[in-house]
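Novice: To be precise about what I am sending: the file is called structure.csv and holds CSV, C-alpha atoms.
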```csv
chain,number,residue,atom,x,y,z
A,26,MET,CA,34.1,-11.2,11.5
A,27,ILE,CA,36.1,-8.2,10.4
A,28,ILE,CA,34.9,-6.3,7.3
A,29,GLU,CA,37.5,-4.3,5.4
A,30,LYS,CA,36.8,-1.9,2.6
A,31,GLU,CA,39.2,-0.6,-0.1
A,32,SER,CA,38.4,2.0,-2.8
A,33,ILE,CA,38.8,1.0,-6.4
A,34,ALA,CA,40.9,3.3,-8.5
A,35,GLY,CA,38.9,5.0,-11.3
A,36,PHE,CA,35.5,4.4,-9.8
A,37,ASP,CA,33.3,6.6,-7.6
A,38,ASN,CA,29.7,6.6,-6.4
A,39,ASN,CA,28.9,10.2,-7.6
A,40,GLU,CA,25.6,11.0,-9.3
A,41,VAL,CA,25.7,10.9,-13.1
A,42,LYS,CA,24.7,14.3,-14.4
A,43,TYR,CA,22.3,14.6,-17.3
A,44,ASP,CA,19.6,16.8,-18.8
A,45,LYS,CA,16.4,15.9,-17.1
A,46,SER,CA,13.2,15.6,-19.2
A,47,ASP,CA,11.1,18.7,-19.6
A,48,TYR,CA,8.0,17.4,-17.9
A,49,PRO,CA,5.6,20.2,-16.9
A,50,LYS,CA,5.2,20.7,-13.2
A,51,PRO,CA,3.0,22.6,-10.8
A,52,PRO,CA,4.7,25.4,-8.9
A,53,LYS,CA,7.2,24.6,-6.2
A,54,GLY,CA,5.6,24.5,-2.7
A,55,SER,CA,2.2,23.7,-4.1
A,56,HIS,CA,2.2,20.2,-2.3
A,57,LEU,CA,0.8,18.6,-5.5
A,58,PRO,CA,2.0,15.4,-7.1
A,59,LEU,CA,4.6,15.6,-9.9
A,60,PRO,CA,3.6,14.2,-13.3
A,61,TYR,CA,3.5,11.8,-14.9
A,62,TYR,CA,2.0,9.1,-12.6
A,63,VAL,CA,-0.5,6.4,-12.1
A,64,CYS,CA,-2.9,7.0,-9.3
A,65,LEU,CA,-5.1,4.4,-7.6
A,66,LEU,CA,-8.2,5.6,-5.6
A,67,ILE,CA,-9.5,2.6,-3.7
A,68,GLY,CA,-12.6,2.7,-1.5
A,69,SER,CA,-16.0,1.1,-1.2
A,70,THR,CA,-19.1,2.7,-2.7
A,71,GLY,CA,-20.0,6.0,-1.0
A,72,THR,CA,-16.7,6.7,0.6
A,73,GLY,CA,-16.0,9.8,-1.6
A,74,LYS,CA,-13.4,8.7,-4.2
A,75,THR,CA,-14.9,10.9,-6.9
A,76,GLN,CA,-15.1,13.9,-4.6
A,77,ALA,CA,-11.4,13.5,-3.7
A,78,LEU,CA,-10.3,13.1,-7.3
A,79,VAL,CA,-12.3,16.2,-8.4
A,80,LYS,CA,-10.8,18.2,-5.6
A,81,LEU,CA,-7.3,17.2,-6.6
A,82,LEU,CA,-7.9,18.1,-10.2
A,83,LYS,CA,-9.3,21.4,-9.2
A,84,TYR,CA,-6.1,22.1,-7.2
A,85,LEU,CA,-4.2,21.3,-10.3
A,86,GLU,CA,-6.4,23.6,-12.4
A,87,LYS,CA,-5.7,26.5,-10.0
A,88,ALA,CA,-2.0,25.8,-9.7
A,89,LYS,CA,-1.4,25.2,-13.4
A,90,TYR,CA,1.5,23.3,-15.0
A,91,TYR,CA,4.6,25.1,-16.3
A,92,ASN,CA,7.5,23.9,-18.4
A,93,ASN,CA,11.2,24.6,-17.7
A,94,GLU,CA,10.9,27.9,-19.6
A,95,GLY,CA,8.1,29.1,-17.3
A,96,GLU,CA,5.4,28.7,-20.0
A,97,GLU,CA,2.0,27.3,-19.0
A,98,VAL,CA,1.2,23.9,-20.3
A,99,LYS,CA,-2.5,23.4,-20.7
A,100,GLN,CA,-4.3,20.5,-19.1
A,101,ARG,CA,-7.0,18.3,-20.6
A,102,ILE,CA,-9.1,15.7,-18.9
A,103,TRP,CA,-10.4,12.6,-20.5
A,104,LEU,CA,-13.1,10.7,-18.6
A,105,PHE,CA,-14.0,7.0,-19.1
A,106,CYS,CA,-16.9,6.3,-16.9
A,107,PRO,CA,-20.2,4.3,-17.5
A,108,THR,CA,-21.9,6.2,-14.7
A,109,ALA,CA,-20.7,9.7,-15.7
A,110,GLU,CA,-24.2,11.1,-16.0
A,111,ALA,CA,-24.8,10.0,-12.3
A,112,ASN,CA,-21.7,12.0,-11.3
A,113,PRO,CA,-22.5,15.6,-12.2
A,114,ILE,CA,-19.6,16.7,-10.0
A,115,TYR,CA,-17.3,15.9,-12.9
A,116,LYS,CA,-19.0,18.8,-14.9
A,117,THR,CA,-17.4,21.3,-12.5
A,118,LEU,CA,-14.0,20.6,-13.9
A,119,LYS,CA,-12.9,23.4,-16.3
A,120,ASN,CA,-10.5,21.2,-18.2
A,121,LEU,CA,-13.1,18.5,-19.0
A,122,ASP,CA,-14.9,18.9,-22.3
A,123,PRO,CA,-18.2,17.0,-22.6
A,124,ALA,CA,-16.9,15.6,-25.9
A,125,ASP,CA,-14.0,13.9,-23.9
A,126,ILE,CA,-16.4,11.8,-21.8
A,127,VAL,CA,-16.8,8.1,-22.8
A,128,THR,CA,-19.6,6.1,-21.1
A,129,GLU,CA,-19.0,2.8,-23.0
A,130,TYR,CA,-15.4,1.7,-22.6
A,131,THR,CA,-13.6,-0.3,-25.3
A,132,ASP,CA,-9.9,-0.7,-25.9
A,133,SER,CA,-10.4,1.0,-29.3
A,134,ALA,CA,-12.0,4.0,-27.6
A,135,LEU,CA,-9.0,4.4,-25.4
A,136,THR,CA,-6.6,3.8,-28.3
A,137,ASN,CA,-8.4,6.6,-30.3
A,138,THR,CA,-7.9,8.9,-27.3
A,139,LEU,CA,-4.2,8.0,-27.1
A,140,ASP,CA,-3.8,8.6,-30.9
A,141,GLU,CA,-5.3,12.1,-30.5
A,142,ILE,CA,-3.0,12.8,-27.6
A,143,LYS,CA,0.0,11.6,-29.7
A,144,GLN,CA,-1.1,13.9,-32.6
A,145,ILE,CA,-1.4,16.9,-30.3
A,146,LYS,CA,2.0,16.2,-28.8
A,147,GLU,CA,3.6,15.9,-32.3
A,148,GLU,CA,1.9,19.2,-33.5
A,149,ALA,CA,3.3,21.0,-30.4
A,150,GLU,CA,6.8,19.6,-30.9
A,151,ASP,CA,6.8,20.5,-34.6
A,152,TYR,CA,5.6,24.0,-33.8
A,153,GLN,CA,8.3,24.5,-31.2
A,154,LYS,CA,11.0,23.5,-33.7
A,155,LEU,CA,9.7,26.0,-36.3
A,156,LEU,CA,9.4,28.7,-33.6
A,157,LYS,CA,13.0,28.1,-32.5
A,158,VAL,CA,14.2,28.7,-36.1
A,159,TRP,CA,12.0,31.7,-36.5
A,160,ARG,CA,13.2,33.3,-33.2
A,161,LYS,CA,16.8,32.7,-34.3
A,162,PHE,CA,16.1,34.5,-37.6
A,163,GLU,CA,14.2,37.3,-35.9
A,164,LYS,CA,17.1,37.8,-33.4
A,165,SER,CA,19.8,37.9,-36.0
A,166,LYS,CA,17.9,39.9,-38.7
A,167,THR,CA,20.5,38.4,-41.1
A,168,ASP,CA,21.2,35.1,-42.8
A,169,LYS,CA,24.8,34.9,-41.4
A,170,ASN,CA,24.0,32.8,-38.4
A,171,ILE,CA,21.4,30.7,-40.2
A,172,THR,CA,22.3,27.2,-41.5
A,173,ASN,CA,21.3,26.0,-44.9
A,174,GLU,CA,18.8,23.6,-43.3
A,175,GLU,CA,17.2,26.4,-41.4
A,176,ILE,CA,17.0,28.5,-44.6
A,177,MET,CA,15.1,25.7,-46.2
A,178,THR,CA,12.8,25.6,-43.2
A,179,LEU,CA,12.2,29.3,-43.4
A,180,GLU,CA,11.4,29.1,-47.1
A,181,LEU,CA,8.8,26.3,-46.4
A,182,MET,CA,7.4,28.8,-43.8
A,183,ASN,CA,7.3,31.5,-46.5
A,184,TRP,CA,9.5,33.5,-44.2
A,185,GLU,CA,6.6,34.0,-41.8
A,186,ALA,CA,6.1,33.2,-38.2
A,187,PRO,CA,4.6,29.7,-37.6
A,188,ILE,CA,0.9,29.6,-36.6
A,189,PRO,CA,0.6,28.2,-33.1
A,190,PRO,CA,-1.7,25.2,-32.6
A,191,LYS,CA,-4.2,25.0,-29.8
A,192,TYR,CA,-1.7,23.3,-27.5
A,193,ALA,CA,1.4,25.2,-28.5
A,194,THR,CA,3.5,24.4,-25.5
A,195,GLY,CA,2.3,20.8,-25.3
A,196,ILE,CA,-0.4,19.2,-23.3
A,197,ALA,CA,-0.7,17.6,-19.9
A,198,ASN,CA,-3.4,15.0,-19.8
A,199,HIS,CA,-5.5,13.5,-17.0
A,200,ILE,CA,-7.1,10.2,-18.0
A,201,ILE,CA,-9.8,9.1,-15.5
A,202,LEU,CA,-10.8,5.4,-15.5
A,203,ASP,CA,-13.8,5.4,-13.2
A,204,ASP,CA,-16.0,2.4,-12.3
A,205,LEU,CA,-14.4,0.2,-15.0
A,206,LEU,CA,-13.3,-2.7,-12.9
A,207,ALA,CA,-16.5,-4.6,-13.6
A,208,GLN,CA,-16.2,-4.0,-17.3
A,209,PRO,CA,-15.1,-7.3,-18.9
A,210,ASN,CA,-13.1,-5.6,-21.6
A,211,ALA,CA,-11.2,-3.1,-19.5
A,212,PHE,CA,-9.0,-5.0,-17.0
A,213,LYS,CA,-7.9,-8.4,-18.3
A,214,ALA,CA,-6.6,-11.0,-15.9
A,215,ASN,CA,-3.3,-11.4,-17.8
A,216,GLY,CA,-2.8,-7.6,-17.9
A,217,ASN,CA,-2.7,-7.6,-21.7
A,218,SER,CA,-5.1,-4.6,-22.3
A,219,ALA,CA,-5.0,-1.0,-23.5
A,220,ILE,CA,-5.3,0.2,-19.9
A,221,SER,CA,-2.3,-1.9,-18.8
A,222,ASN,CA,-0.2,-0.6,-21.7
A,223,LEU,CA,-1.2,3.0,-20.9
A,224,THR,CA,-0.2,2.7,-17.2
A,225,VAL,CA,3.2,1.4,-18.3
A,226,LYS,CA,3.7,4.2,-20.9
A,227,CYS,CA,1.8,7.1,-19.3
A,228,ARG,CA,4.9,9.3,-19.5
A,229,HIS,CA,5.1,8.6,-23.3
A,230,TYR,CA,1.5,10.0,-23.6
A,231,SER,CA,2.1,12.9,-21.2
A,232,SER,CA,-0.6,11.6,-19.0
A,233,ASN,CA,-1.6,11.1,-15.4
A,234,VAL,CA,-3.8,8.1,-15.1
A,235,TYR,CA,-6.4,7.8,-12.3
A,236,VAL,CA,-7.9,4.3,-11.6
A,237,LEU,CA,-11.0,4.4,-9.3
A,238,GLY,CA,-12.1,1.1,-7.8
A,239,GLN,CA,-13.7,-0.7,-4.9
A,240,SER,CA,-10.9,-3.3,-4.5
A,241,SER,CA,-7.2,-3.3,-5.1
A,242,ALA,CA,-7.4,-7.1,-5.7
A,243,GLN,CA,-9.4,-6.5,-8.9
A,244,ILE,CA,-6.7,-4.3,-10.4
A,245,PRO,CA,-4.1,-6.3,-12.3
A,246,LYS,CA,-0.7,-6.4,-10.7
A,247,ILE,CA,0.9,-4.8,-13.7
A,248,VAL,CA,-1.2,-1.7,-13.1
A,249,ARG,CA,-0.7,-1.8,-9.3
A,250,ILE,CA,3.1,-1.8,-9.5
A,251,GLN,CA,3.0,1.3,-11.8
A,252,ALA,CA,1.2,3.4,-9.1
A,253,ARG,CA,3.1,6.3,-7.7
A,254,LEU,CA,0.1,8.0,-6.1
A,255,LEU,CA,-2.4,6.2,-3.8
A,256,MET,CA,-5.6,7.5,-2.2
A,257,LEU,CA,-6.8,4.7,0.1
A,258,TYR,CA,-10.0,4.6,2.1
A,259,ARG,CA,-10.9,2.5,5.1
A,260,PHE,CA,-11.2,-1.3,4.8
A,261,ASN,CA,-11.4,-3.7,7.8
A,262,SER,CA,-9.2,-6.2,6.0
A,263,LYS,CA,-5.4,-5.5,6.1
A,264,LYS,CA,-5.0,-7.0,2.7
A,265,ILE,CA,-5.0,-3.6,0.9
A,266,THR,CA,-1.8,-2.6,2.7
A,267,GLU,CA,-0.2,-5.9,1.8
A,268,GLU,CA,-1.1,-5.5,-1.9
A,269,LEU,CA,0.1,-1.9,-2.2
A,270,TYR,CA,3.0,-2.0,0.2
A,271,ASP,CA,5.5,-2.1,-2.7
A,272,VAL,CA,4.9,1.7,-3.3
A,273,VAL,CA,6.5,2.5,0.1
A,274,SER,CA,8.6,-0.6,0.8
A,275,SER,CA,11.9,1.2,0.5
A,276,LEU,CA,10.9,3.8,3.2
A,277,LEU,CA,8.4,2.2,5.6
A,278,SER,CA,8.2,-1.2,7.3
A,279,PRO,CA,4.9,-3.1,6.8
A,280,GLU,CA,4.0,-2.4,10.4
A,281,GLU,CA,4.6,1.4,9.9
A,282,PHE,CA,2.5,1.5,6.7
A,283,GLU,CA,-0.4,-0.3,8.4
A,284,LYS,CA,-0.3,1.9,11.5
A,285,ILE,CA,-0.2,5.1,9.3
A,286,TYR,CA,-3.1,3.7,7.2
A,287,ASP,CA,-5.2,2.9,10.3
A,288,ASP,CA,-4.7,6.3,11.8
A,289,ALA,CA,-5.4,8.3,8.6
A,290,THR,CA,-8.6,6.4,7.8
A,291,ALA,CA,-10.0,6.0,11.3
A,292,LYS,CA,-12.8,8.5,10.6
A,293,LYS,CA,-15.5,8.1,8.0
A,294,TYR,CA,-14.7,9.6,4.6
A,295,ASN,CA,-11.0,10.1,5.5
A,296,PHE,CA,-8.3,8.6,3.3
A,297,LEU,CA,-4.6,8.1,3.2
A,298,THR,CA,-2.6,9.8,0.4
A,299,VAL,CA,0.7,8.2,-0.5
A,300,ASP,CA,2.6,10.5,-2.9
A,301,ASN,CA,5.8,8.9,-4.3
A,302,THR,CA,5.9,11.0,-7.4
A,303,GLY,CA,8.9,13.1,-6.3
A,304,SER,CA,12.3,12.4,-4.8
A,305,ASP,CA,10.8,12.2,-1.3
A,306,LEU,CA,7.8,10.1,-0.1
A,307,ILE,CA,4.9,12.4,1.0
A,308,LEU,CA,2.1,11.1,3.3
A,309,LYS,CA,-1.1,13.0,3.9
A,310,GLN,CA,-4.4,12.5,5.6
A,311,ASN,CA,-6.8,13.4,2.8
A,312,LEU,CA,-5.2,16.1,0.7
A,313,ASN,CA,-4.8,18.8,3.3
A,314,ILE,CA,-2.9,17.3,6.3
A,315,LEU,CA,0.8,16.3,6.1
A,316,ILE,CA,1.8,13.2,8.1
A,317,LYS,CA,5.2,13.4,9.6
A,318,ILE,CA,6.9,10.3,11.0
A,319,LYS,CA,9.1,10.6,14.1
A,320,ARG,CA,10.8,7.3,14.9
A,321,GLN,CA,11.8,6.6,18.5
A,322,LYS,CA,15.4,6.1,19.3
A,323,LYS,CA,16.4,2.6,20.3
A,324,ILE,CA,17.2,2.2,24.0
A,325,SER,CA,20.4,0.3,24.7
A,326,LYS,CA,20.1,-3.0,26.5
A,327,GLY,CA,20.4,-2.5,30.3
A,328,PHE,CA,19.5,1.2,30.1
A,329,LYS,CA,17.4,2.3,33.0
A,330,PRO,CA,15.7,5.8,33.0
A,331,LYS,CA,16.8,8.0,35.9
A,332,THR,CA,14.3,8.4,38.8
A,333,ILE,CA,13.5,11.8,40.2
A,334,HIS,CA,15.5,10.8,43.3
A,335,ASP,CA,18.6,10.0,41.1
A,336,GLN,CA,18.2,13.4,39.4
A,337,GLN,CA,18.0,15.2,42.8
A,338,VAL,CA,21.2,13.4,44.1
A,339,GLU,CA,23.1,14.4,40.9
A,340,ALA,CA,21.9,18.0,41.2
A,341,LEU,CA,23.1,18.2,44.9
A,342,ALA,CA,26.5,16.7,43.9
A,343,VAL,CA,27.0,19.3,41.2
A,344,GLU,CA,26.0,22.0,43.6
A,345,GLY,CA,28.5,20.8,46.2
A,346,LYS,CA,31.4,21.0,43.7
A,347,LYS,CA,30.8,24.7,43.1
```
Once you've parsed the file, please lay out its structure as structure tokens.

Specialist:
Amino acid sequence: MIIEKESIAGFDNNEVKYDKSDYPKPPKGSHLPLPYYVCLLIGSTGTGKTQALVKLLKYLEKAKYYNNEGEEVKQRIWLFCPTAEANPIYKTLKNLDPADIVTEYTDSALTNTLDEIKQIKEEAEDYQKLLKVWRKFEKSKTDKNITNEEIMTLELMNWEAPIPPKYATGIANHIILDDLLAQPNAFKANGNSAISNLTVKCRHYSSNVYVLGQSSAQIPKIVRIQARLLMLYRFNSKKITEELYDVVSSLLSPEEFEKIYDDATAKKYNFLTVDNTGSDLILKQNLNILIKIKRQKKISKGFKPKTIHDQQVEALAVEGKK
């Protein structure tokens, strides 16, 4: 079979240029996941899931988030966990207010949280619009470059600078759903729950969502397929790599994924981090060791490696030609 190709006039395969969304990000080179994402932390009791999550959030606290203008975007943590009192490690997080801890999960409790997040986001957006008009007025010191609409806005502001809200540059949220898989009202089998809707729309709510559980099978598929960050602990069953393979399917074969998982989790308390939040897939053992894949080149059929005797004969032949 001969395959022929011909270019089509007026068409190309170049990237479409557009203004990318202004999602806040940690500094470049920080080796931290890029928001906004769904993260699954899967491991049996006592493996250290909460420890790992708190450590990640502490790294994010230290690195901070910044918008495209270089302004810091404050982070806020919301914890839904019936055993929160038994996990005092959560109290070490600076961005977690005790008032944002919910020990009895209901869909309405999560919905109320999302409504508050939405309100904070709208307040920040409204403030930024007013601030833009005010800065334009301050810069010009005249009405010549100000539109009639902007003059009306300034009059409503009484020609004074707008008062910044608490989250003036917006808010980056971390919503933790810990130990909820056994809660009958949290994860519904048909995926029709507030949690499922949140994982689909996490970017809309400027939120990273962390789901901690002892089994990936208990998590509805609609939640699993949204995951862009995985932190997986050791299981003897290979089913976990089968259920979560979709996250890496475009870059790794099932055998490669299973081998990397086995190696990263071989020791107790170790876990495999799969970070697919950016343009490149990043693999880590825990959070501190990068995993680099070096694929062996395929050897042509009939190829035989040279013996030491063959190499010596070739060397003598070359020497004799000099």

Novice: Name the closest residue to Glu281 in chain A among the candidates A:Glu180, A:Thr266, A:Thr108, A:Pro245; distances are taken between atoms, counting all atoms listed in the file.

Specialist: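 Smallest distance to Glu281 in chain A is found for A:Thr266.
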
Novice: Which residues of range 247-312 of chain A sit at most 10 Å from range 51-71 of chain A, using only C-alpha atoms? Give each one's shortest atom pair and distance in Å (one decimal place), in chain and ascending residue order, as CSV.

Specialist:
```
residue,atom,partner,partner_atom,distance
A:Val248,CA,A:Val63,CA,8.2
A:Arg249,CA,A:Leu65,CA,7.8
A:Ile250,CA,A:Val63,CA,9.3
A:Gln251,CA,A:Val63,CA,6.2
A:Ala252,CA,A:Val63,CA,4.6
A:Arg253,CA,A:Val63,CA,5.7
A:Leu254,CA,A:Cys64,CA,4.5
A:Leu255,CA,A:Leu65,CA,5.0
A:Met256,CA,A:Leu66,CA,4.7
A:Leu257,CA,A:Ile67,CA,5.1
A:Tyr258,CA,A:Gly68,CA,4.8
A:Arg259,CA,A:Gly68,CA,6.8
A:Phe260,CA,A:Gly68,CA,7.6
A:Ile265,CA,A:Ile67,CA,8.9
A:Leu269,CA,A:Leu65,CA,9.8
A:Tyr294,CA,A:Gly71,CA,8.5
A:Phe296,CA,A:Gly68,CA,8.7
A:Leu297,CA,A:Leu66,CA,9.8
A:Thr298,CA,A:Leu66,CA,9.2
A:Val299,CA,A:Cys64,CA,9.6
A:Asp300,CA,A:Pro58,CA,6.5
A:Asn301,CA,A:Pro58,CA,8.0
A:Thr302,CA,A:Leu59,CA,5.4
A:Gly303,CA,A:Leu59,CA,6.1
A:Ser304,CA,A:Leu59,CA,9.8
A:Ile307,CA,A:His56,CA,8.9
A:Leu312,CA,A:His56,CA,9.0
```

Novice: Rounded to one decimal in Å, what is the spacing between CA of Ser262 in chain A and CA of Leu82 in chain A?

Specialist: 29.2 Å

Novice: With all atoms listed in the file as the basis for distance, which of A:Val98, A:Ile285, A:Ala193, A:Ala34 is at the shortest distance from Asp47 in chain A?

Specialist: A:Val98

Novice: CA of Leu121 in chain A and CA of Asn295 in chain A, how far apart in Å?

Specialist: 26.0 Å

Novice: Which residue, A:Lys119, A:Arg228, A:Lys143, A:Arg101, has the smallest gap to Ile200 in chain A when you use all atoms listed in the file?

Specialist: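 The shortest atom-to-atom distance to Ile200 in chain A comes from A:Arg101.
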
Novice: Could you pull the residues within 12 Å of Glu96 in chain A, counting all atoms listed in the file, minus those fewer than 5 positions along the same chain, as a ChimeraX atom specification?

Specialist: /A:47-52,89-91,192-196

Novice: Could you dump the residues just selected with C-alpha atoms as a PDB file, keeping the file's coordinate frame?

Specialist:
```pdb
ATOM      1  CA  ASP A  47      11.100  18.700 -19.600  1.00  0.00           C
ATOM      2  CA  TYR A  48       8.000  17.400 -17.900  1.00  0.00           C
ATOM      3  CA  PRO A  49       5.600  20.200 -16.900  1.00  0.00           C
ATOM      4  CA  LYS A  50       5.200  20.700 -13.200  1.00  0.00           C
ATOM      5  CA  PRO A  51       3.000  22.600 -10.800  1.00  0.00           C
ATOM      6  CA  PRO A  52       4.700  25.400  -8.900  1.00  0.00           C
ATOM      7  CA  LYS A  89      -1.400  25.200 -13.400  1.00  0.00           C
ATOM      8  CA  TYR A  90       1.500  23.300 -15.000  1.00  0.00           C
ATOM      9  CA  TYR A  91       4.600  25.100 -16.300  1.00  0.00           C
ATOM     10  CA  TYR A 192      -1.700  23.300 -27.500  1.00  0.00           C
ATOM     11  CA  ALA A 193       1.400  25.200 -28.500  1.00  0.00           C
ATOM     12  CA  THR A 194       3.500  24.400 -25.500  1.00  0.00           C
ATOM     13  CA  GLY A 195       2.300  20.800 -25.300  1.00  0.00           C
ATOM     14  CA  ILE A 196      -0.400  19.200 -23.300  1.00  0.00           C
TER      15      ILE A 196
END
```

Novice: Quick one: residues within 10 Å of Cys106 in chain A, only C-alpha atoms, excluding same-chain residues fewer than 2 positions away - as a list of chain:residue names?

Specialist: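 Here the answer would be A:Trp103, A:Leu104, A:Thr108, A:Ala109, A:Glu110, A:Ala111, A:Asn112, A:Ile126, A:Val127, A:Thr128, A:Glu129, A:Tyr130, A:Ile201, A:Leu202, A:Asp203, A:Asp204, A:Leu205, A:Leu237.
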
Novice: For CA of Lys157 in chain A and CA of Asn173 in chain A, determine how far apart the two atoms are, in Å to one decimal place.

Specialist: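 For CA of Lys157 in chain A relative to CA of Asn173 in chain A, the distance reads 15.1 Å.
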
Novice: Looking at all atoms listed in the file, which of A:Gly73, A:Pro123, A:Asn222, A:Pro187 is the one that sits closest to Leu135 in chain A?

Specialist: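 Checking each candidate against Leu135 in chain A, we get A:Asn222 as the closest.
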
Novice: From the options A:Phe105, A:Trp184, A:Tyr84, A:Tyr235, which residue's atoms come nearest to Gln208 in chain A, counting all atoms listed in the file?

Specialist: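 Residue with the minimum atom-to-atom distance to Gln208 in chain A: A:Phe105.
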
Novice: For a quick check of understanding, using only C-alpha atoms, which of A:Ile247, A:Leu308, A:Leu85, A:Ala291 has the smallest distance to Val273 in chain A?

Specialist: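 Once distances to Val273 in chain A are computed over only C-alpha atoms, the minimum belongs to A:Leu308.
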